[in-house]
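Remarks on the structure that follows.
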Amino acid sequence: MNAFAEATTPAVFLDRDGVINVDRGYVSRWSEFEFLPGAVSGLAALQELGYRLVIVTNQSGIGRGYYSEGDFALLSTQLIDHLRDAGVSLTAIYHCPHHPTEAQGGYRQTCACRKPAPGMLLRGLQDWSLDPARCVLVGDKPSDIAAGEAAGIGRLFQVTAHEARYPAEAVSDLSQVVRRLKTV
Ligand SMILES: [Mg+2]
Ligand SMILES: [Zn+2]
């Protein structure tokens with residue numbers, strides 16, 4: 001039993017596209033960034049429940065040459081600033097720029113961070129001294145859920161209009177995640 005670890009704040013690991021904003025495919029500019037219904041208020045409510053907010057996002061568009069690391073960093077700053085104005089503080093944003101077959105140069109690799117691999121989650125757990133069993137993951141694709149499962153995340157939610165990939169629970173949006181977390 002470790003009292004310090006017990007006292008640390010858990011996190012919600014959030015996929016970005018399709019969970020926070022509309023997934024238009026390779027969103028790289030603020031002008032293309034459209035929040036999904038309930039996203040900002042949902043993030044605020046998760047924060048209110050005592051969770052750190054950590055984004056984990058596959059960004060192979062960087063490796064494919066569709067946009068740059070700088071473009072991604074700028075969009076991330078704009079997202080952070082917008083959320084801060086809404087009273088929401090992001091703890092971290094982790095991204096994977098790689099793709100095993102479609103990326104260019106050094107970006108073309110089978111990495112440990114592209115979901116369904118759990119690398120970004122494992123790094124976040126380590127960086128913030130998190131207990132995976134007390135953490136939550138919200139994704140929209142089966143690969144998000146697989147990554148969460150591989151990292152031992154305690155509760156998994158999939159934003160989907162269809163059946164969730166086992167063992168995730170299907171939800172319509174972030175506000176439904178908040179309601180589920182409140183009821184247990
Ligand atoms: Mg997604
Ligand atoms: Zn990667």
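Residue numbering restarts at 1 in every chain; chains get A, B, ... in the order shown in the structure tokens, and ligands count up from 1 in that same order.
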Could you list, as a VMD selection string, all residues that come within 8 Å of ligand 1? Count only C-alpha atoms and all ligand atoms.
chain A and resid 15 to 19 23 57 139 to 141 144
Surrounding residues as a PyMOL selection string, ligand 2, max 9 Å, only C-alpha atoms and all ligand atoms:
chain A and resi 58-60+95-100+107+109-115+117+119-120
Show me, as a PDB file with C-alpha atoms, in the first residue's frame, the residues that have an atom within 12 Å of Ser68 of chain A when counting only C-alpha atoms, minus same-chain residues fewer than 4 positions from it.
ATOM      1  CA  TYR A  26      -6.128  14.831 -40.831  1.00  0.00           C
ATOM      2  CA  VAL A  27      -7.369  17.938 -39.034  1.00  0.00           C
ATOM      3  CA  SER A  28      -4.378  20.268 -38.864  1.00  0.00           C
ATOM      4  CA  ARG A  29      -5.731  23.822 -38.591  1.00  0.00           C
ATOM      5  CA  GLN A  59      -1.097  11.927 -36.089  1.00  0.00           C
ATOM      6  CA  SER A  60       0.276  10.008 -39.049  1.00  0.00           C
ATOM      7  CA  GLY A  61      -0.567  13.048 -41.181  1.00  0.00           C
ATOM      8  CA  ILE A  62       2.779  14.385 -39.971  1.00  0.00           C
ATOM      9  CA  GLY A  63       4.654  11.322 -41.184  1.00  0.00           C
ATOM     10  CA  ARG A  64       2.691  11.294 -44.434  1.00  0.00           C
ATOM     11  CA  PHE A  72       0.420  20.174 -34.932  1.00  0.00           C
ATOM     12  CA  ALA A  73       2.117  22.143 -32.140  1.00  0.00           C
ATOM     13  CA  LEU A  74       0.308  25.335 -33.180  1.00  0.00           C
ATOM     14  CA  LEU A  75      -3.074  23.625 -33.273  1.00  0.00           C
ATOM     15  CA  PRO A  97       3.599  11.028 -36.024  1.00  0.00           C
ATOM     16  CA  TYR A 107       8.547   8.561 -39.734  1.00  0.00           C
TER      17      TYR A 107
END
Nearest to Tyr67 of chain A among A:Ala92, A:Val177, A:Ala103, A:Gly154, with distances taken over only C-alpha atoms: which residue is it?
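Among A:Ala92, A:Val177, A:Ala103, A:Gly154, it is A:Ala103 that comes nearest to Tyr67 of chain A.
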Could you give me, as a PyMOL selection string, the residues within 8 Å of Val40 of chain A, counting only C-alpha atoms and dropping anything in the same chain fewer than 6 positions from it?
chain A and resi 20+83+86+88
Contacts of Lys182 of chain A at 12 Å (only C-alpha atoms; same-chain gap of 3+ positions) as a count of residues only:
10
Based on the backbone DSSP call, show me all residues of segment 121-152 of chain A assigned strand (DSSP E or B), as a list in words.
Val136, Leu137, Val138 and Gly139 of chain A
Just checking: using only C-alpha atoms, which residue out of A:Asp131, A:Glu169, A:Asp81, A:Glu102 ends up closest to Gly152 of chain A?
A:Asp131
Quick one: pick out all alpha helix (DSSP H) residues within segment 90-168 of chain A from a backbone DSSP run and write them as a PyMOL selection string.
chain A and resi 119-127+142-150
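Between atom CA of Ala44 of chain A and atom CA of His82 of chain A the interatomic distance comes to 12.4 Å.
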Using only C-alpha atoms, which residue out of A:Ala11, A:Leu43, A:Ile145, A:Leu122 lies closest to Gly87 of chain A?
A:Leu43
